[in-house]
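To be precise, the following lines are start11.txt, and they hold compact mmCIF, C-alpha atoms (C1' of nucleotides).
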```txt
# COMPACT_ATOMS: atom_id res chain seq x y z
CA MET A 1 0.00 0.00 0.00
CA ALA A 2 1.00 3.57 -0.63
CA ALA A 3 1.32 4.51 3.02
CA ALA A 4 3.96 1.88 3.74
CA ALA A 5 5.79 2.72 0.54
CA CYS A 6 6.01 6.32 1.66
CA CYS A 7 6.95 6.15 5.29
CA PRO A 8 9.02 3.48 6.93
CA PRO A 9 8.57 3.40 10.71
CA LEU A 10 11.36 5.56 12.08
CA LEU A 11 11.50 3.81 15.43
CA VAL A 12 12.41 0.47 13.90
CA ARG A 13 15.44 1.11 11.76
CA ALA A 14 17.60 4.13 10.98
CA LEU A 15 16.20 6.32 8.23
CA ASP A 16 18.39 7.62 5.45
CA GLU A 17 18.36 11.27 4.43
CA VAL A 18 15.76 10.80 1.68
CA GLU A 19 13.31 8.90 3.85
CA ALA A 20 13.74 11.39 6.66
CA THR A 21 13.12 14.33 4.34
CA GLU A 22 9.95 12.70 3.05
CA ILE A 23 8.47 12.22 6.51
CA ALA A 24 9.68 15.65 7.62
CA THR A 25 7.71 17.20 4.77
CA ILE A 26 4.43 15.86 6.12
CA LEU A 27 5.35 16.75 9.68
CA LYS A 28 6.32 20.26 8.65
CA ALA A 29 2.92 20.79 7.08
CA LEU A 30 1.30 20.04 10.43
CA ALA A 31 3.89 21.67 12.67
CA ASP A 32 2.12 25.01 12.90
CA PRO A 33 -0.74 25.99 15.20
CA ALA A 34 -2.72 27.69 12.44
CA ARG A 35 -2.50 24.71 10.09
CA LEU A 36 -3.17 22.25 12.87
CA ARG A 37 -6.34 24.11 13.71
CA LEU A 38 -7.40 24.23 10.07
CA VAL A 39 -6.97 20.48 9.78
CA SER A 40 -8.83 20.06 13.03
CA LEU A 41 -11.72 22.23 11.87
CA VAL A 42 -12.04 20.35 8.61
CA ALA A 43 -11.70 16.91 10.16
CA SER A 44 -14.19 17.49 12.95
CA SER A 45 -16.81 19.02 10.69
CA PRO A 46 -20.01 16.95 10.64
CA ALA A 47 -20.32 17.30 6.88
CA GLY A 48 -16.78 16.10 6.34
CA GLU A 49 -15.99 19.21 4.38
CA VAL A 50 -15.72 22.89 5.15
CA CYS A 51 -15.90 26.05 3.07
CA ALA A 52 -12.94 28.40 3.36
CA CYS A 53 -15.35 31.14 4.34
CA GLU A 54 -16.00 29.35 7.61
CA LEU A 55 -12.33 29.11 8.50
CA THR A 56 -11.09 32.68 8.53
CA GLU A 57 -12.97 33.90 11.56
CA PRO A 58 -12.37 31.01 14.01
CA LEU A 59 -8.68 31.08 13.18
CA GLY A 60 -8.22 34.71 14.12
CA ARG A 61 -5.94 35.37 11.18
CA SER A 62 -6.32 37.40 8.03
CA GLN A 63 -8.06 35.87 5.07
CA ALA A 64 -4.82 35.96 3.10
CA THR A 65 -2.99 34.03 5.79
CA VAL A 66 -5.69 31.38 5.97
CA SER A 67 -5.58 30.94 2.21
CA HIS A 68 -1.81 30.62 2.39
CA HIS A 69 -1.97 27.85 4.96
CA LEU A 70 -4.74 26.02 3.13
CA THR A 71 -2.62 26.03 0.00
CA GLN A 72 0.29 24.54 1.92
CA LEU A 73 -1.90 21.82 3.41
CA VAL A 74 -3.23 20.89 -0.01
CA LYS A 75 0.27 20.88 -1.43
CA ALA A 76 1.39 18.57 1.37
CA GLY A 77 -1.49 16.22 0.58
CA VAL A 78 -3.20 16.65 3.92
CA LEU A 79 -6.32 18.31 2.52
CA THR A 80 -8.10 18.33 -0.82
CA ARG A 81 -9.56 21.48 -2.34
CA ASP A 82 -12.78 21.43 -4.30
CA GLN A 83 -13.73 24.66 -6.04
CA ARG A 84 -17.51 25.02 -6.30
CA GLY A 85 -18.55 28.30 -7.83
CA LYS A 86 -16.93 31.03 -5.84
CA TRP A 87 -16.50 28.84 -2.79
CA ALA A 88 -13.64 26.49 -2.03
CA TRP A 89 -14.39 23.36 -0.03
CA PHE A 90 -11.83 21.37 1.86
CA ARG A 91 -11.72 17.74 2.94
CA LEU A 92 -9.28 15.66 4.92
CA ARG A 93 -7.13 13.01 3.25
CA PRO A 94 -7.02 10.24 5.84
CA GLU A 95 -4.41 8.21 3.95
CA ARG A 96 -1.92 10.92 4.72
CA PHE A 97 -2.49 10.49 8.42
CA GLU A 98 -2.31 6.76 8.03
CA ALA A 99 1.14 7.22 6.50
CA LEU A 100 2.17 9.39 9.41
CA ARG A 101 0.85 6.93 11.97
CA THR A 102 2.80 4.19 10.26
CA ALA A 103 5.94 6.27 10.41
CA LEU A 104 5.47 6.96 14.10
CA ALA A 105 4.37 3.45 15.03
CA LEU A 106 6.05 1.54 17.82
CA PRO A 107 8.20 -1.43 16.82
CA ALA A 108 5.48 -3.87 17.98
CA GLU A 109 2.82 -2.14 15.89
CA ALA A 110 5.22 -1.81 13.00
CA VAL A 111 5.47 -5.58 12.68
CA VAL A 112 1.72 -5.72 12.19
CA ALA A 113 1.75 -2.82 9.73
CA GLY A 114 4.74 -3.97 7.77
CA MET B 1 -2.71 9.71 31.86
CA ALA B 2 -0.30 12.45 30.87
CA ALA B 3 -0.44 11.77 27.15
CA ALA B 4 -4.18 12.33 26.95
CA ALA B 5 -3.91 15.42 29.12
CA CYS B 6 -1.40 16.81 26.69
CA CYS B 7 -2.81 16.12 23.30
CA PRO B 8 -6.45 15.91 22.40
CA PRO B 9 -7.04 14.09 19.10
CA LEU B 10 -7.17 16.81 16.48
CA LEU B 11 -9.35 14.84 14.10
CA VAL B 12 -12.21 14.59 16.56
CA ARG B 13 -12.96 18.13 17.62
CA ALA B 14 -11.60 21.55 16.75
CA LEU B 15 -8.50 22.50 18.71
CA ASP B 16 -8.13 25.90 20.26
CA GLU B 17 -4.98 27.95 19.83
CA VAL B 18 -3.32 26.70 23.02
CA GLU B 19 -3.90 23.02 22.28
CA ALA B 20 -2.73 23.47 18.71
CA THR B 21 0.43 25.24 19.83
CA GLU B 22 1.19 22.44 22.24
CA ILE B 23 0.93 19.71 19.61
CA ALA B 24 2.76 21.87 17.07
CA THR B 25 5.70 22.09 19.45
CA ILE B 26 6.19 18.33 19.42
CA LEU B 27 5.64 18.14 15.68
CA LYS B 28 8.12 20.94 15.09
CA ALA B 29 10.78 19.05 17.01
CA LEU B 30 10.38 16.16 14.60
CA ALA B 31 9.79 18.14 11.42
CA ASP B 32 13.41 18.20 10.33
CA PRO B 33 15.34 15.50 8.49
CA ALA B 34 18.39 15.75 10.75
CA ARG B 35 16.36 15.42 13.93
CA LEU B 36 14.19 12.69 12.49
CA ARG B 37 17.30 10.70 11.68
CA LEU B 38 18.73 11.28 15.14
CA VAL B 39 15.55 9.97 16.73
CA SER B 40 15.59 7.07 14.33
CA LEU B 41 19.20 6.22 15.16
CA VAL B 42 18.54 6.30 18.87
CA ALA B 43 15.25 4.39 18.69
CA SER B 44 16.57 1.63 16.46
CA SER B 45 19.72 1.09 18.47
CA PRO B 46 19.89 -2.42 19.94
CA ALA B 47 21.11 -1.09 23.30
CA GLY B 48 18.26 1.38 23.49
CA GLU B 49 20.71 4.21 23.94
CA VAL B 50 23.35 5.86 21.80
CA CYS B 51 26.41 7.96 22.55
CA ALA B 52 26.56 11.33 20.81
CA CYS B 53 29.91 10.31 19.39
CA GLU B 54 28.18 7.71 17.24
CA LEU B 55 25.74 10.21 15.77
CA THR B 56 27.89 12.88 14.17
CA GLU B 57 29.33 10.81 11.37
CA PRO B 58 26.20 9.01 10.10
CA LEU B 59 24.32 12.30 10.07
CA GLY B 60 26.78 14.02 7.76
CA ARG B 61 26.60 17.24 9.73
CA SER B 62 29.08 19.08 11.90
CA GLN B 63 29.49 18.18 15.55
CA ALA B 64 28.04 21.54 16.56
CA THR B 65 24.94 21.02 14.45
CA VAL B 66 24.33 17.55 15.86
CA SER B 67 24.71 18.84 19.39
CA HIS B 68 22.27 21.63 18.59
CA HIS B 69 19.64 19.23 17.31
CA LEU B 70 20.09 16.85 20.22
CA THR B 71 19.54 19.72 22.62
CA GLN B 72 16.33 20.64 20.82
CA LEU B 73 15.07 17.07 20.95
CA VAL B 74 15.77 16.85 24.66
CA LYS B 75 14.07 20.18 25.22
CA ALA B 76 11.02 18.96 23.33
CA GLY B 77 10.91 15.87 25.50
CA VAL B 78 11.53 13.43 22.68
CA LEU B 79 14.92 12.23 23.97
CA THR B 80 16.62 12.07 27.34
CA ARG B 81 20.26 12.97 27.84
CA ASP B 82 22.44 11.05 30.29
CA GLN B 83 25.89 12.49 30.83
CA ARG B 84 28.37 9.74 31.72
CA GLY B 85 31.90 11.02 32.05
CA LYS B 86 32.76 12.82 28.89
CA TRP B 87 30.12 10.99 26.89
CA ALA B 88 26.49 11.91 26.51
CA TRP B 89 24.02 9.07 26.04
CA PHE B 90 20.59 9.51 24.55
CA ARG B 91 17.41 7.50 24.90
CA LEU B 92 13.98 7.72 23.40
CA ARG B 93 10.98 8.83 25.45
CA PRO B 94 8.17 6.65 24.12
CA GLU B 95 5.47 8.52 26.06
CA ARG B 96 6.07 11.48 23.82
CA PHE B 97 5.30 9.40 20.76
CA GLU B 98 2.28 7.97 22.48
CA ALA B 99 1.04 11.51 22.98
CA LEU B 100 1.59 12.24 19.32
CA ARG B 101 -0.15 9.08 18.20
CA THR B 102 -3.09 10.01 20.39
CA ALA B 103 -3.22 13.44 18.83
CA LEU B 104 -3.17 11.99 15.33
CA ALA B 105 -5.55 9.12 16.04
CA LEU B 106 -8.59 8.53 13.90
CA PRO B 107 -11.99 9.25 15.49
CA ALA B 108 -12.67 5.51 15.93
CA GLU B 109 -9.37 4.96 17.72
CA ALA B 110 -9.86 8.14 19.69
CA VAL B 111 -12.96 6.73 21.36
CA VAL B 112 -10.87 3.84 22.64
CA ALA B 113 -8.06 6.15 23.73
CA GLY B 114 -10.28 8.75 25.34
C1' DC C 1 -22.31 45.27 -18.27
C1' DA C 2 -21.33 46.60 -13.55
C1' DT C 3 -21.10 45.52 -9.07
C1' DA C 4 -20.28 42.52 -5.27
C1' DC C 5 -18.21 38.61 -3.43
C1' DG C 6 -14.81 34.68 -2.35
C1' DC C 7 -10.49 33.54 -2.84
C1' DT C 8 -5.55 33.68 -4.54
C1' DT C 9 -1.35 36.04 -5.46
C1' DC C 10 2.07 39.64 -4.66
C1' DG C 11 5.24 42.38 -2.06
C1' DA C 12 7.02 43.42 2.12
C1' DC C 13 8.40 42.84 6.86
C1' DG C 14 10.32 40.85 11.09
C1' DT C 15 11.34 36.55 13.11
C1' DC C 16 12.83 31.92 13.39
C1' DT C 17 15.86 28.11 11.77
C1' DG C 18 19.76 25.10 10.15
C1' DT C 19 24.29 25.31 9.49
C1' DC C 20 29.23 25.93 10.41
C1' DA C 21 33.93 27.51 12.34
C1' DA C 22 35.78 28.87 16.43
C1' DT C 23 35.91 28.85 21.16
C1' DA C 24 34.77 27.30 25.80
C1' DT C 25 33.81 23.77 29.27
C1' DG C 26 34.49 19.71 31.44
C1' DT C 27 36.53 14.93 31.79
C1' DT C 28 40.04 11.40 31.44
C1' DC C 29 44.75 9.90 31.04
C1' DT C 30 49.71 10.28 31.42
C1' DA D 1 49.83 19.79 35.79
C1' DG D 2 49.28 19.21 31.06
C1' DA D 3 47.63 16.97 26.94
C1' DA D 4 43.94 14.82 24.59
C1' DC D 5 39.36 14.18 23.97
C1' DA D 6 33.89 14.71 23.94
C1' DT D 7 30.55 17.81 24.00
C1' DA D 8 28.36 22.46 24.56
C1' DT D 9 28.15 27.28 23.50
C1' DT D 10 28.87 31.43 20.80
C1' DG D 11 28.57 34.28 16.83
C1' DA D 12 27.50 34.77 12.29
C1' DC D 13 24.91 34.17 8.09
C1' DA D 14 21.74 32.71 4.44
C1' DG D 15 17.41 31.03 3.71
C1' DA D 16 12.76 29.72 5.15
C1' DC D 17 8.52 31.02 7.52
C1' DG D 18 4.17 33.42 9.31
C1' DT D 19 1.89 37.35 8.81
C1' DC D 20 -0.52 41.24 6.74
C1' DG D 21 -2.45 44.87 3.35
C1' DA D 22 -3.28 45.51 -1.26
C1' DA D 23 -4.08 44.16 -5.74
C1' DG D 24 -5.74 40.65 -9.06
C1' DC D 25 -8.98 37.07 -10.84
C1' DG D 26 -12.81 34.34 -11.54
C1' DT D 27 -17.78 33.70 -10.48
C1' DA D 28 -22.27 35.01 -9.39
C1' DT D 29 -26.15 38.49 -9.21
C1' DG D 30 -28.76 42.57 -10.34
```
Could you show the structure in this file as C-alpha cells?
Amino acid sequence: MAAAACCPPLLVRALDEVEATEIATILKALADPARLRLVSLVASSPAGEVCACELTEPLGRSQATVSHHLTQLVKAGVLTRDQRGKWAWFRLRPERFEALRTALALPAEAVVAG
Amino acid sequence: MAAAACCPPLLVRALDEVEATEIATILKALADPARLRLVSLVASSPAGEVCACELTEPLGRSQATVSHHLTQLVKAGVLTRDQRGKWAWFRLRPERFEALRTALALPAEAVVAG
DNA sequence: CATACGCTTCGACGTCTGTCAATATGTTCT
DNA sequence: AGAACATATTGACAGACGTCGAAGCGTATG
C-alpha cells in the first residue's frame, strides 16, 4: 500500500536522508498551530468538508494568511480542495495520516503494519 | 494519563490555539530530516541508547549542528540525555510518541483512547 | 455590463531556523 | 599539571517562515 511505501517506521530502523526528508515534509505541514487548527476544523466538521469562508474567523488570522496555509496543506497532501462556484471546499485526506501513523508506530505495531 | 492530558485528538474536535500550539511544538521538534534521523538512530539502536559520538558521522553534519539538534530534541521531551563522564548518552521517550499518536488518532481509535 | 463577493497572489516585513567555524567547558589519562 | 578528547556554546549568516495589506482574478447576481 502507498502509506507503507512512503513512510518506513522511524522507530524500527535508521532512516536515510531521503526517507527522513519525506516524513519531515508531512510533519512540517502540520507543525504550525494555524494549520493544525485548520486540519482540526475540517476533520471534525459533521459534513466532512468545510468552506474556506468558515475558516477565517475562528482562526483569528487574516483571510490571506488562511488561504496561504490552506494552500500549503493541499500541497502537502493533507487536505483536498474542491472549487464550487466562488467557494472552495476542503476535505481531509485520511491516507496521509495513516502514513504518518505508520511512520510513528512503535516497533510492535510496526510488525503488524509492515 | 499524561499523554491524553497533553494532546487531544485533532481529528475529533476543533482544537483551540493553546492546544494546537502544544501539539505543534512536538511536531516541530520532529519536522526536520536531521532530527528525524537522530531519533531514528537512537530508537533503532539495539542497546536502546546511543552515545553522541556515534551520531555525528552518520548524520553528515558538523558536531556543533548535531549537538544543537540533540539539545532541541531533549528540550522537546523526545529524547533524554544522560551524561556519563565525557560521553552523553541519549534514549527515546516513548510517552512522547504515544502523545503524538493520540493526537493523530482517527476518530474511531480516539474513542478507545479517550 | 457593472457591481459585489470569495479567494488567490504579490510584495514586504520581522522573526525563526539550520548550518558551520571557532571557542569554551568539562573529563580522562599520562 | 598538562595533553587529549567529547561535547556544549557562541557568533554569524543565508534562507525559510508566518503574517498582513493591497491588488488581481474568476464567479455570481442585479
Report as a tab-separated table the residues of chain A within 7 Å of chain D, each with its shortest atom pair and distance in Å (one decimal), using only C-alpha atoms (C1' of nucleotides), ordered by chain and increasing residue number.
```
residue	atom	partner	partner_atom	distance
A:Thr65	CA	D:DT19	C1'	6.6
A:Gly85	CA	D:DT27	C1'	6.1
A:Lys86	CA	D:DT27	C1'	5.4
```
Give chain B as a PDB file with C-alpha atoms, in the coordinates of the input once it has been least-squares superposed onto chain A over every C-alpha atom, paired in order.
```
ATOM      1  CA  MET B   1      -0.025   0.054  -0.055  1.00  0.00           C
ATOM      2  CA  ALA B   2       1.014   3.634  -0.682  1.00  0.00           C
ATOM      3  CA  ALA B   3       1.314   4.600   2.964  1.00  0.00           C
ATOM      4  CA  ALA B   4       3.909   1.942   3.698  1.00  0.00           C
ATOM      5  CA  ALA B   5       5.784   2.787   0.520  1.00  0.00           C
ATOM      6  CA  CYS B   6       5.983   6.357   1.681  1.00  0.00           C
ATOM      7  CA  CYS B   7       6.922   6.178   5.293  1.00  0.00           C
ATOM      8  CA  PRO B   8       8.989   3.503   6.928  1.00  0.00           C
ATOM      9  CA  PRO B   9       8.543   3.419  10.716  1.00  0.00           C
ATOM     10  CA  LEU B  10      11.332   5.567  12.088  1.00  0.00           C
ATOM     11  CA  LEU B  11      11.472   3.795  15.425  1.00  0.00           C
ATOM     12  CA  VAL B  12      12.377   0.465  13.880  1.00  0.00           C
ATOM     13  CA  ARG B  13      15.415   1.120  11.744  1.00  0.00           C
ATOM     14  CA  ALA B  14      17.565   4.132  10.967  1.00  0.00           C
ATOM     15  CA  LEU B  15      16.177   6.323   8.205  1.00  0.00           C
ATOM     16  CA  ASP B  16      18.371   7.625   5.450  1.00  0.00           C
ATOM     17  CA  GLU B  17      18.326  11.266   4.425  1.00  0.00           C
ATOM     18  CA  VAL B  18      15.735  10.815   1.672  1.00  0.00           C
ATOM     19  CA  GLU B  19      13.268   8.910   3.843  1.00  0.00           C
ATOM     20  CA  ALA B  20      13.704  11.396   6.662  1.00  0.00           C
ATOM     21  CA  THR B  21      13.111  14.333   4.339  1.00  0.00           C
ATOM     22  CA  GLU B  22       9.946  12.730   3.058  1.00  0.00           C
ATOM     23  CA  ILE B  23       8.448  12.234   6.514  1.00  0.00           C
ATOM     24  CA  ALA B  24       9.669  15.660   7.624  1.00  0.00           C
ATOM     25  CA  THR B  25       7.700  17.225   4.790  1.00  0.00           C
ATOM     26  CA  ILE B  26       4.421  15.872   6.131  1.00  0.00           C
ATOM     27  CA  LEU B  27       5.348  16.746   9.695  1.00  0.00           C
ATOM     28  CA  LYS B  28       6.314  20.261   8.669  1.00  0.00           C
ATOM     29  CA  ALA B  29       2.908  20.788   7.101  1.00  0.00           C
ATOM     30  CA  LEU B  30       1.316  20.023  10.447  1.00  0.00           C
ATOM     31  CA  ALA B  31       3.887  21.668  12.698  1.00  0.00           C
ATOM     32  CA  ASP B  32       2.121  25.003  12.921  1.00  0.00           C
ATOM     33  CA  PRO B  33      -0.748  25.978  15.205  1.00  0.00           C
ATOM     34  CA  ALA B  34      -2.730  27.690  12.445  1.00  0.00           C
ATOM     35  CA  ARG B  35      -2.506  24.717  10.110  1.00  0.00           C
ATOM     36  CA  LEU B  36      -3.173  22.245  12.881  1.00  0.00           C
ATOM     37  CA  ARG B  37      -6.350  24.110  13.726  1.00  0.00           C
ATOM     38  CA  LEU B  38      -7.403  24.228  10.088  1.00  0.00           C
ATOM     39  CA  VAL B  39      -6.987  20.473   9.793  1.00  0.00           C
ATOM     40  CA  SER B  40      -8.837  20.051  13.045  1.00  0.00           C
ATOM     41  CA  LEU B  41     -11.721  22.234  11.877  1.00  0.00           C
ATOM     42  CA  VAL B  42     -12.049  20.351   8.628  1.00  0.00           C
ATOM     43  CA  ALA B  43     -11.688  16.892  10.181  1.00  0.00           C
ATOM     44  CA  SER B  44     -14.182  17.497  12.964  1.00  0.00           C
ATOM     45  CA  SER B  45     -16.801  19.013  10.707  1.00  0.00           C
ATOM     46  CA  PRO B  46     -20.008  16.958  10.664  1.00  0.00           C
ATOM     47  CA  ALA B  47     -20.322  17.296   6.877  1.00  0.00           C
ATOM     48  CA  GLY B  48     -16.779  16.096   6.359  1.00  0.00           C
ATOM     49  CA  GLU B  49     -15.986  19.210   4.388  1.00  0.00           C
ATOM     50  CA  VAL B  50     -15.712  22.898   5.163  1.00  0.00           C
ATOM     51  CA  CYS B  51     -15.909  26.047   3.071  1.00  0.00           C
ATOM     52  CA  ALA B  52     -12.938  28.394   3.346  1.00  0.00           C
ATOM     53  CA  CYS B  53     -15.348  31.133   4.328  1.00  0.00           C
ATOM     54  CA  GLU B  54     -16.013  29.340   7.603  1.00  0.00           C
ATOM     55  CA  LEU B  55     -12.336  29.105   8.490  1.00  0.00           C
ATOM     56  CA  THR B  56     -11.080  32.674   8.493  1.00  0.00           C
ATOM     57  CA  GLU B  57     -12.972  33.910  11.508  1.00  0.00           C
ATOM     58  CA  PRO B  58     -12.389  31.040  13.972  1.00  0.00           C
ATOM     59  CA  LEU B  59      -8.691  31.082  13.146  1.00  0.00           C
ATOM     60  CA  GLY B  60      -8.225  34.722  14.085  1.00  0.00           C
ATOM     61  CA  ARG B  61      -5.951  35.342  11.130  1.00  0.00           C
ATOM     62  CA  SER B  62      -6.321  37.373   7.971  1.00  0.00           C
ATOM     63  CA  GLN B  63      -8.023  35.912   4.926  1.00  0.00           C
ATOM     64  CA  ALA B  64      -4.725  35.941   3.046  1.00  0.00           C
ATOM     65  CA  THR B  65      -2.962  34.007   5.782  1.00  0.00           C
ATOM     66  CA  VAL B  66      -5.686  31.369   5.937  1.00  0.00           C
ATOM     67  CA  SER B  67      -5.593  30.952   2.184  1.00  0.00           C
ATOM     68  CA  HIS B  68      -1.822  30.601   2.356  1.00  0.00           C
ATOM     69  CA  HIS B  69      -1.998  27.854   4.952  1.00  0.00           C
ATOM     70  CA  LEU B  70      -4.755  26.012   3.125  1.00  0.00           C
ATOM     71  CA  THR B  71      -2.642  26.011  -0.011  1.00  0.00           C
ATOM     72  CA  GLN B  72       0.272  24.546   1.926  1.00  0.00           C
ATOM     73  CA  LEU B  73      -1.902  21.821   3.408  1.00  0.00           C
ATOM     74  CA  VAL B  74      -3.236  20.887  -0.006  1.00  0.00           C
ATOM     75  CA  LYS B  75       0.272  20.870  -1.417  1.00  0.00           C
ATOM     76  CA  ALA B  76       1.401  18.567   1.373  1.00  0.00           C
ATOM     77  CA  GLY B  77      -1.456  16.222   0.596  1.00  0.00           C
ATOM     78  CA  VAL B  78      -3.178  16.637   3.936  1.00  0.00           C
ATOM     79  CA  LEU B  79      -6.313  18.308   2.528  1.00  0.00           C
ATOM     80  CA  THR B  80      -8.091  18.330  -0.805  1.00  0.00           C
ATOM     81  CA  ARG B  81      -9.524  21.477  -2.338  1.00  0.00           C
ATOM     82  CA  ASP B  82     -12.792  21.407  -4.276  1.00  0.00           C
ATOM     83  CA  GLN B  83     -13.693  24.640  -6.010  1.00  0.00           C
ATOM     84  CA  ARG B  84     -17.474  25.008  -6.287  1.00  0.00           C
ATOM     85  CA  GLY B  85     -18.505  28.308  -7.788  1.00  0.00           C
ATOM     86  CA  LYS B  86     -16.898  31.023  -5.784  1.00  0.00           C
ATOM     87  CA  TRP B  87     -16.465  28.805  -2.749  1.00  0.00           C
ATOM     88  CA  ALA B  88     -13.607  26.470  -2.010  1.00  0.00           C
ATOM     89  CA  TRP B  89     -14.392  23.342  -0.013  1.00  0.00           C
ATOM     90  CA  PHE B  90     -11.802  21.360   1.869  1.00  0.00           C
ATOM     91  CA  ARG B  91     -11.692  17.744   2.958  1.00  0.00           C
ATOM     92  CA  LEU B  92      -9.276  15.663   4.931  1.00  0.00           C
ATOM     93  CA  ARG B  93      -7.120  13.010   3.274  1.00  0.00           C
ATOM     94  CA  PRO B  94      -7.009  10.241   5.869  1.00  0.00           C
ATOM     95  CA  GLU B  95      -4.391   8.224   3.964  1.00  0.00           C
ATOM     96  CA  ARG B  96      -1.899  10.927   4.753  1.00  0.00           C
ATOM     97  CA  PHE B  97      -2.501  10.487   8.458  1.00  0.00           C
ATOM     98  CA  GLU B  98      -2.299   6.756   8.058  1.00  0.00           C
ATOM     99  CA  ALA B  99       1.130   7.228   6.529  1.00  0.00           C
ATOM    100  CA  LEU B 100       2.158   9.383   9.450  1.00  0.00           C
ATOM    101  CA  ARG B 101       0.838   6.934  12.006  1.00  0.00           C
ATOM    102  CA  THR B 102       2.788   4.192  10.277  1.00  0.00           C
ATOM    103  CA  ALA B 103       5.927   6.275  10.424  1.00  0.00           C
ATOM    104  CA  LEU B 104       5.458   6.951  14.123  1.00  0.00           C
ATOM    105  CA  ALA B 105       4.355   3.439  15.046  1.00  0.00           C
ATOM    106  CA  LEU B 106       6.035   1.532  17.823  1.00  0.00           C
ATOM    107  CA  PRO B 107       8.199  -1.451  16.809  1.00  0.00           C
ATOM    108  CA  ALA B 108       5.498  -3.907  17.957  1.00  0.00           C
ATOM    109  CA  GLU B 109       2.831  -2.193  15.871  1.00  0.00           C
ATOM    110  CA  ALA B 110       5.247  -1.839  12.995  1.00  0.00           C
ATOM    111  CA  VAL B 111       5.521  -5.607  12.649  1.00  0.00           C
ATOM    112  CA  VAL B 112       1.768  -5.763  12.152  1.00  0.00           C
ATOM    113  CA  ALA B 113       1.810  -2.843   9.724  1.00  0.00           C
ATOM    114  CA  GLY B 114       4.810  -4.010   7.745  1.00  0.00           C
TER     115      GLY B 114
END
```
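Coordinates place atom CA of A:Phe97 at a distance of 19.7 Å from atom CA of A:Asp82.
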Quick check: residues of chain A within 12 Å of chain C, all atoms listed in the file, returned as a PyMOL selection string. chain A and resi 51-54+56+63-71+83-89
Point out the residue among A:Glu22, A:Glu109, A:Glu49, A:Glu17 with the least atom-to-atom distance to B:Ala34, counting only C-alpha atoms. A:Glu17
Please check the contacts: residues of chain A at most 9 Å away from chain B, using all atoms listed in the file, listed as a PyMOL selection string. chain A and resi 9-45+59+94+97-98+100-101+104-107
Coordinates-based distance that separates atom CA of A:Val50 from atom CA of A:Leu73 (Å, one decimal):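 Atom CA of A:Val50 lies at a distance of 14.0 Å from atom CA of A:Leu73.
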Each side padded by 6 Å, which centre and which edge lengths in Å (one decimal) define the axis-aligned box around the listed atoms of stretch 6-21 of chain D? Give them as AutoDock Vina command-line options.
```
--center_x 15.7 --center_y 29.8 --center_z 14.0 --size_x 48.3 --size_y 42.2 --size_z 33.2
```
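Atom CA of B:Pro8 is positioned 5.4 Å from atom CA of B:Ala103.
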Using the structure block above, produce a file of stretch 61-74 of chain A that contains N, CA and C atoms, as a short mmCIF file (atom, residue, chain, number, x, y, z; two decimals), in the first residue's frame.
```cif
data_model
loop_
_atom_site.label_atom_id
_atom_site.label_comp_id
_atom_site.auth_asym_id
_atom_site.auth_seq_id
_atom_site.Cartn_x
_atom_site.Cartn_y
_atom_site.Cartn_z
N ARG A 61 -6.98 34.86 12.05
CA ARG A 61 -5.94 35.37 11.18
C ARG A 61 -6.58 35.99 9.94
N SER A 62 -5.78 36.75 9.21
CA SER A 62 -6.32 37.40 8.03
C SER A 62 -6.73 36.38 6.98
N GLN A 63 -7.59 36.77 6.11
CA GLN A 63 -8.06 35.87 5.07
C GLN A 63 -6.90 35.42 4.19
N ALA A 64 -5.97 36.30 3.92
CA ALA A 64 -4.82 35.96 3.10
C ALA A 64 -3.96 34.89 3.75
N THR A 65 -3.79 35.01 5.05
CA THR A 65 -2.99 34.03 5.79
C THR A 65 -3.65 32.66 5.78
N VAL A 66 -4.96 32.65 5.98
CA VAL A 66 -5.69 31.38 5.97
C VAL A 66 -5.55 30.71 4.59
N SER A 67 -5.72 31.48 3.56
CA SER A 67 -5.58 30.94 2.21
C SER A 67 -4.19 30.36 2.00
N HIS A 68 -3.20 31.07 2.48
CA HIS A 68 -1.81 30.62 2.39
C HIS A 68 -1.62 29.26 3.04
N HIS A 69 -2.13 29.11 4.24
CA HIS A 69 -1.97 27.85 4.96
C HIS A 69 -2.75 26.72 4.30
N LEU A 70 -3.95 27.05 3.81
CA LEU A 70 -4.74 26.02 3.13
C LEU A 70 -4.00 25.51 1.89
N THR A 71 -3.39 26.41 1.18
CA THR A 71 -2.62 26.03 0.00
C THR A 71 -1.49 25.07 0.38
N GLN A 72 -0.81 25.39 1.47
CA GLN A 72 0.29 24.54 1.92
C GLN A 72 -0.20 23.14 2.31
N LEU A 73 -1.35 23.11 2.97
CA LEU A 73 -1.90 21.82 3.41
C LEU A 73 -2.31 20.97 2.21
N VAL A 74 -2.86 21.62 1.21
CA VAL A 74 -3.23 20.89 -0.01
C VAL A 74 -1.98 20.39 -0.71
#
```
